Amino acid sequence: DRKVRLPINSKLAQTANETPVAVFVDAQVLQSNDGAERASALRSAGVDVVGLDCSAKEVPVLQALQSLGTRGITRVLLEGGPRLAKSFLEAKLVDKVYWFSAPKLLGDDGTGALGALCLTHVAEAYGLSPVAARRLGEDLLTEYSPT
């Protein structure tokens, strides 16, 4: 959550004293009055707000994983946006992909699932092997392993 946007009234923040929550943010955002205020409110709720060096275009995934490792956390579920997914794929740090498909077509107006992978040939694409699939209402959840 690069810009400390996690709402203080969110379920994550409200239950942080019961279930630990770590939010990784841009350390520079913490220097601004607005960012510092939001981080302070989250910390008061029990959220561990961790500043990372986000000066590069890429999400600092190794910094975040090292921080989690010092807390004894060895498994991570990513529910971020396209930049986060792209960063973990490019760092080859993805063990499984769970892909939800809905029977809806959004076209260019929709939000992309991945950031630009900057591939020049189809052979460079990230390969996935389907492992399992199941229906969830109208949606389809497919589990993949990277190839």
# chains A, B, ... in the order shown; residues from 1 in each chain; ligands from 1
call {"tool": "select_by_dssp", "arguments": {"residues": "stretch 72-104 of chain A", "states": "helix (DSSP H, G or I)", "output": "PDB file with all heavy atoms, in the first residue's frame"}}
result
ATOM      1  N   PRO A  82      -1.882  -4.701 -10.474  1.00  0.00           N
ATOM      2  CA  PRO A  82      -1.040  -5.182 -11.573  1.00  0.00           C
ATOM      3  C   PRO A  82       0.454  -4.986 -11.347  1.00  0.00           C
ATOM      4  O   PRO A  82       1.248  -5.824 -11.749  1.00  0.00           O
ATOM      5  CB  PRO A  82      -1.516  -4.380 -12.788  1.00  0.00           C
ATOM      6  CG  PRO A  82      -2.568  -3.462 -12.327  1.00  0.00           C
ATOM      7  CD  PRO A  82      -2.853  -3.706 -10.894  1.00  0.00           C
ATOM      8  N   ARG A  83       0.864  -3.897 -10.687  1.00  0.00           N
ATOM      9  CA  ARG A  83       2.294  -3.658 -10.448  1.00  0.00           C
ATOM     10  C   ARG A  83       2.873  -4.692  -9.496  1.00  0.00           C
ATOM     11  O   ARG A  83       3.980  -5.181  -9.686  1.00  0.00           O
ATOM     12  CB  ARG A  83       2.510  -2.266  -9.865  1.00  0.00           C
ATOM     13  CG  ARG A  83       2.694  -1.209 -10.903  1.00  0.00           C
ATOM     14  CD  ARG A  83       2.895   0.129 -10.292  1.00  0.00           C
ATOM     15  NE  ARG A  83       4.212   0.253  -9.702  1.00  0.00           N
ATOM     16  CZ  ARG A  83       4.606   1.317  -9.039  1.00  0.00           C
ATOM     17  NH1 ARG A  83       3.784   2.324  -8.853  1.00  0.00           N
ATOM     18  NH2 ARG A  83       5.807   1.381  -8.547  1.00  0.00           N
ATOM     19  N   LEU A  84       2.133  -5.003  -8.447  1.00  0.00           N
ATOM     20  CA  LEU A  84       2.605  -5.978  -7.469  1.00  0.00           C
ATOM     21  C   LEU A  84       2.739  -7.357  -8.111  1.00  0.00           C
ATOM     22  O   LEU A  84       3.763  -8.030  -7.962  1.00  0.00           O
ATOM     23  CB  LEU A  84       1.668  -6.034  -6.268  1.00  0.00           C
ATOM     24  CG  LEU A  84       2.111  -6.933  -5.120  1.00  0.00           C
ATOM     25  CD1 LEU A  84       3.380  -6.381  -4.474  1.00  0.00           C
ATOM     26  CD2 LEU A  84       1.004  -7.055  -4.091  1.00  0.00           C
ATOM     27  N   ALA A  85       1.725  -7.772  -8.844  1.00  0.00           N
ATOM     28  CA  ALA A  85       1.766  -9.071  -9.525  1.00  0.00           C
ATOM     29  C   ALA A  85       2.938  -9.135 -10.493  1.00  0.00           C
ATOM     30  O   ALA A  85       3.692 -10.115 -10.523  1.00  0.00           O
ATOM     31  CB  ALA A  85       0.446  -9.326 -10.249  1.00  0.00           C
ATOM     32  N   LYS A  86       3.122  -8.083 -11.265  1.00  0.00           N
ATOM     33  CA  LYS A  86       4.221  -8.031 -12.225  1.00  0.00           C
ATOM     34  C   LYS A  86       5.570  -8.135 -11.520  1.00  0.00           C
ATOM     35  O   LYS A  86       6.448  -8.874 -11.945  1.00  0.00           O
ATOM     36  CB  LYS A  86       4.149  -6.727 -13.008  1.00  0.00           C
ATOM     37  CG  LYS A  86       5.343  -6.482 -13.895  1.00  0.00           C
ATOM     38  CD  LYS A  86       5.352  -5.085 -14.445  1.00  0.00           C
ATOM     39  CE  LYS A  86       6.598  -4.919 -15.269  1.00  0.00           C
ATOM     40  NZ  LYS A  86       7.144  -3.626 -15.327  1.00  0.00           N
ATOM     41  N   SER A  87       5.727  -7.419 -10.421  1.00  0.00           N
ATOM     42  CA  SER A  87       7.004  -7.411  -9.707  1.00  0.00           C
ATOM     43  C   SER A  87       7.365  -8.790  -9.166  1.00  0.00           C
ATOM     44  O   SER A  87       8.509  -9.221  -9.266  1.00  0.00           O
ATOM     45  CB  SER A  87       6.963  -6.405  -8.561  1.00  0.00           C
ATOM     46  OG  SER A  87       6.835  -5.106  -9.069  1.00  0.00           O
ATOM     47  N   PHE A  88       6.390  -9.492  -8.606  1.00  0.00           N
ATOM     48  CA  PHE A  88       6.670 -10.828  -8.084  1.00  0.00           C
ATOM     49  C   PHE A  88       6.930 -11.823  -9.212  1.00  0.00           C
ATOM     50  O   PHE A  88       7.781 -12.697  -9.087  1.00  0.00           O
ATOM     51  CB  PHE A  88       5.536 -11.311  -7.174  1.00  0.00           C
ATOM     52  CG  PHE A  88       5.723 -10.879  -5.744  1.00  0.00           C
ATOM     53  CD1 PHE A  88       5.363  -9.615  -5.328  1.00  0.00           C
ATOM     54  CD2 PHE A  88       6.275 -11.754  -4.824  1.00  0.00           C
ATOM     55  CE1 PHE A  88       5.544  -9.214  -4.014  1.00  0.00           C
ATOM     56  CE2 PHE A  88       6.473 -11.368  -3.504  1.00  0.00           C
ATOM     57  CZ  PHE A  88       6.104 -10.093  -3.098  1.00  0.00           C
ATOM     58  N   LEU A  89       6.212 -11.698 -10.329  1.00  0.00           N
ATOM     59  CA  LEU A  89       6.466 -12.583 -11.473  1.00  0.00           C
ATOM     60  C   LEU A  89       7.863 -12.353 -12.023  1.00  0.00           C
ATOM     61  O   LEU A  89       8.599 -13.312 -12.285  1.00  0.00           O
ATOM     62  CB  LEU A  89       5.431 -12.345 -12.573  1.00  0.00           C
ATOM     63  CG  LEU A  89       4.084 -13.021 -12.396  1.00  0.00           C
ATOM     64  CD1 LEU A  89       3.095 -12.517 -13.434  1.00  0.00           C
ATOM     65  CD2 LEU A  89       4.217 -14.528 -12.477  1.00  0.00           C
ATOM     66  N   GLU A  90       8.224 -11.090 -12.205  1.00  0.00           N
ATOM     67  CA  GLU A  90       9.548 -10.789 -12.766  1.00  0.00           C
ATOM     68  C   GLU A  90      10.674 -11.252 -11.846  1.00  0.00           C
ATOM     69  O   GLU A  90      11.740 -11.628 -12.322  1.00  0.00           O
ATOM     70  CB  GLU A  90       9.676  -9.295 -13.053  1.00  0.00           C
ATOM     71  CG  GLU A  90       8.875  -8.883 -14.272  1.00  0.00           C
ATOM     72  CD  GLU A  90       9.008  -7.412 -14.593  1.00  0.00           C
ATOM     73  OE1 GLU A  90       9.270  -6.602 -13.678  1.00  0.00           O
ATOM     74  OE2 GLU A  90       8.820  -7.071 -15.775  1.00  0.00           O
TER      75      GLU A  90
END
call {"tool": "residues_around", "arguments": {"residues": "stretch 55-66 of chain A", "least_positions_apart": "6", "cutoff": "12 Å", "atoms": "only C-alpha atoms", "output": "PyMOL selection string"}}
result
chain A and resi 1-2+22-29+49+72-78+80-94+115-117
call {"tool": "write_last_selection", "arguments": {"atoms": "N, CA, C and O atoms", "output": "short mmCIF file (atom, residue, chain, number, x, y, z; two decimals), in the first residue's frame"}}
result
data_model
loop_
_atom_site.label_atom_id
_atom_site.label_comp_id
_atom_site.auth_asym_id
_atom_site.auth_seq_id
_atom_site.Cartn_x
_atom_site.Cartn_y
_atom_site.Cartn_z
N ASP A 1 0.87 -1.17 0.00
CA ASP A 1 0.00 0.00 0.00
C ASP A 1 0.90 1.22 0.00
O ASP A 1 1.05 1.90 1.01
N ARG A 2 1.52 1.45 -1.11
CA ARG A 2 2.55 2.47 -1.27
C ARG A 2 2.18 3.83 -0.67
O ARG A 2 3.01 4.52 -0.11
N ALA A 22 0.63 -6.25 8.57
CA ALA A 22 1.76 -5.41 8.19
C ALA A 22 1.42 -4.74 6.86
O ALA A 22 0.97 -5.40 5.93
N VAL A 23 1.62 -3.43 6.80
CA VAL A 23 1.36 -2.67 5.59
C VAL A 23 2.69 -2.06 5.15
O VAL A 23 3.34 -1.35 5.92
N PHE A 24 3.09 -2.34 3.92
CA PHE A 24 4.33 -1.82 3.39
C PHE A 24 4.03 -0.58 2.56
O PHE A 24 3.18 -0.61 1.67
N VAL A 25 4.73 0.50 2.89
CA VAL A 25 4.46 1.80 2.27
C VAL A 25 5.76 2.42 1.79
O VAL A 25 6.85 2.03 2.21
N ASP A 26 5.61 3.42 0.95
CA ASP A 26 6.76 4.19 0.47
C ASP A 26 7.26 5.05 1.62
O ASP A 26 6.52 5.87 2.17
N ALA A 27 8.52 4.88 2.02
CA ALA A 27 9.08 5.63 3.14
C ALA A 27 8.99 7.14 2.91
O ALA A 27 8.81 7.89 3.86
N GLN A 28 9.04 7.57 1.65
CA GLN A 28 8.93 9.01 1.36
C GLN A 28 7.52 9.52 1.67
O GLN A 28 7.37 10.65 2.10
N VAL A 29 6.50 8.70 1.44
CA VAL A 29 5.13 9.10 1.74
C VAL A 29 4.98 9.33 3.24
O VAL A 29 4.22 10.22 3.67
N VAL A 49 3.15 -0.59 10.30
CA VAL A 49 3.40 0.17 9.08
C VAL A 49 4.90 0.19 8.84
O VAL A 49 5.67 0.68 9.67
N GLY A 72 9.22 -14.10 10.86
CA GLY A 72 8.91 -15.52 10.82
C GLY A 72 7.84 -15.88 9.80
O GLY A 72 7.34 -17.00 9.79
N ILE A 73 7.51 -14.96 8.93
CA ILE A 73 6.48 -15.21 7.91
C ILE A 73 7.16 -15.75 6.66
O ILE A 73 8.05 -15.12 6.10
N THR A 74 6.73 -16.94 6.23
CA THR A 74 7.36 -17.59 5.08
C THR A 74 6.40 -17.82 3.92
O THR A 74 6.80 -18.33 2.89
N ARG A 75 5.13 -17.45 4.09
CA ARG A 75 4.15 -17.59 3.01
C ARG A 75 3.39 -16.28 2.87
O ARG A 75 3.02 -15.66 3.86
N VAL A 76 3.13 -15.90 1.62
CA VAL A 76 2.47 -14.63 1.36
C VAL A 76 1.38 -14.84 0.31
O VAL A 76 1.61 -15.49 -0.71
N LEU A 77 0.22 -14.29 0.58
CA LEU A 77 -0.86 -14.25 -0.41
C LEU A 77 -0.89 -12.83 -0.96
O LEU A 77 -1.05 -11.87 -0.21
N LEU A 78 -0.69 -12.69 -2.26
CA LEU A 78 -0.70 -11.37 -2.90
C LEU A 78 -2.10 -11.06 -3.38
O LEU A 78 -2.68 -11.83 -4.14
N GLY A 80 -2.67 -7.72 -4.49
CA GLY A 80 -2.44 -6.35 -4.92
C GLY A 80 -2.89 -6.14 -6.34
O GLY A 80 -3.60 -6.94 -6.92
N GLY A 81 -2.43 -5.06 -6.89
CA GLY A 81 -2.79 -4.71 -8.26
C GLY A 81 -1.79 -5.22 -9.26
O GLY A 81 -0.93 -6.06 -8.96
N PRO A 82 -1.88 -4.70 -10.47
CA PRO A 82 -1.04 -5.18 -11.57
C PRO A 82 0.45 -4.99 -11.35
O PRO A 82 1.25 -5.82 -11.75
N ARG A 83 0.86 -3.90 -10.69
CA ARG A 83 2.29 -3.66 -10.45
C ARG A 83 2.87 -4.69 -9.50
O ARG A 83 3.98 -5.18 -9.69
N LEU A 84 2.13 -5.00 -8.45
CA LEU A 84 2.61 -5.98 -7.47
C LEU A 84 2.74 -7.36 -8.11
O LEU A 84 3.76 -8.03 -7.96
N ALA A 85 1.73 -7.77 -8.84
CA ALA A 85 1.77 -9.07 -9.52
C ALA A 85 2.94 -9.14 -10.49
O ALA A 85 3.69 -10.11 -10.52
N LYS A 86 3.12 -8.08 -11.27
CA LYS A 86 4.22 -8.03 -12.23
C LYS A 86 5.57 -8.13 -11.52
O LYS A 86 6.45 -8.87 -11.94
N SER A 87 5.73 -7.42 -10.42
CA SER A 87 7.00 -7.41 -9.71
C SER A 87 7.37 -8.79 -9.17
O SER A 87 8.51 -9.22 -9.27
N PHE A 88 6.39 -9.49 -8.61
CA PHE A 88 6.67 -10.83 -8.08
C PHE A 88 6.93 -11.82 -9.21
O PHE A 88 7.78 -12.70 -9.09
N LEU A 89 6.21 -11.70 -10.33
CA LEU A 89 6.47 -12.58 -11.47
C LEU A 89 7.86 -12.35 -12.02
O LEU A 89 8.60 -13.31 -12.29
N GLU A 90 8.22 -11.09 -12.21
CA GLU A 90 9.55 -10.79 -12.77
C GLU A 90 10.67 -11.25 -11.85
O GLU A 90 11.74 -11.63 -12.32
N ALA A 91 10.44 -11.23 -10.53
CA ALA A 91 11.46 -11.68 -9.58
C ALA A 91 11.44 -13.20 -9.43
O ALA A 91 12.23 -13.75 -8.66
N LYS A 92 10.55 -13.86 -10.17
CA LYS A 92 10.41 -15.33 -10.11
C LYS A 92 10.14 -15.80 -8.68
O LYS A 92 10.73 -16.77 -8.20
N LEU A 93 9.22 -15.11 -8.01
CA LEU A 93 8.87 -15.41 -6.63
C LEU A 93 7.44 -15.90 -6.49
O LEU A 93 6.85 -15.82 -5.42
N VAL A 94 6.89 -16.44 -7.59
CA VAL A 94 5.51 -16.92 -7.57
C VAL A 94 5.52 -18.45 -7.61
O VAL A 94 6.11 -19.05 -8.51
N GLY A 115 0.78 -5.63 -14.84
CA GLY A 115 1.44 -4.51 -15.49
C GLY A 115 2.14 -5.00 -16.74
O GLY A 115 2.28 -6.20 -16.97
N ALA A 116 2.60 -4.08 -17.56
CA ALA A 116 3.27 -4.44 -18.80
C ALA A 116 4.51 -5.28 -18.51
O ALA A 116 5.36 -4.89 -17.72
N LEU A 117 4.58 -6.45 -19.11
CA LEU A 117 5.71 -7.35 -18.88
C LEU A 117 6.86 -7.09 -19.84
O LEU A 117 7.92 -7.69 -19.72
#
call {"tool": "atom_distance", "arguments": {"atom1": "atom CA of A:Ser44", "atom2": "atom CA of A:Ser32"}}
result
18.1 Å
call {"tool": "select_by_dssp", "arguments": {"residues": "stretch 49-141 of chain A", "states": "strand (DSSP E)", "output": "list in words"}}
result
Val49, Val50, Gly51, Leu52, Val97, Tyr98, Trp99, Phe100, Ser101, Leu128, Ser129, Pro130, Val131, Ala132, Ala133, Arg134, Arg135, Leu136, Asp139, Leu140 and Leu141 of chain A
call {"tool": "write_last_selection", "arguments": {"atoms": "C-alpha atoms", "output": "PDB file, in the first residue's frame"}}
result
ATOM      1  CA  VAL A  49       3.399   0.171   9.076  1.00  0.00           C
ATOM      2  CA  VAL A  50       6.745  -0.526   7.381  1.00  0.00           C
ATOM      3  CA  GLY A  51       8.470   2.043   5.180  1.00  0.00           C
ATOM      4  CA  LEU A  52      10.310   0.766   2.107  1.00  0.00           C
ATOM      5  CA  VAL A  97      -1.402 -18.461  -9.346  1.00  0.00           C
ATOM      6  CA  TYR A  98      -5.093 -18.492  -8.508  1.00  0.00           C
ATOM      7  CA  TRP A  99      -6.951 -16.877 -11.376  1.00  0.00           C
ATOM      8  CA  PHE A 100     -10.578 -15.835 -11.056  1.00  0.00           C
ATOM      9  CA  SER A 101     -12.533 -15.569 -14.300  1.00  0.00           C
ATOM     10  CA  LEU A 128       1.550 -21.613 -16.356  1.00  0.00           C
ATOM     11  CA  SER A 129       0.307 -25.176 -16.003  1.00  0.00           C
ATOM     12  CA  PRO A 130      -3.270 -25.672 -14.815  1.00  0.00           C
ATOM     13  CA  VAL A 131      -3.488 -27.707 -11.617  1.00  0.00           C
ATOM     14  CA  ALA A 132      -7.158 -27.503 -10.661  1.00  0.00           C
ATOM     15  CA  ALA A 133     -10.325 -25.555 -11.408  1.00  0.00           C
ATOM     16  CA  ARG A 134     -13.666 -25.081  -9.704  1.00  0.00           C
ATOM     17  CA  ARG A 135     -16.756 -22.959 -10.018  1.00  0.00           C
ATOM     18  CA  LEU A 136     -17.588 -20.322  -7.425  1.00  0.00           C
ATOM     19  CA  ASP A 139     -17.015 -17.407 -11.584  1.00  0.00           C
ATOM     20  CA  LEU A 140     -14.274 -19.921 -12.312  1.00  0.00           C
ATOM     21  CA  LEU A 141     -11.233 -20.250 -10.029  1.00  0.00           C
TER      22      LEU A 141
END
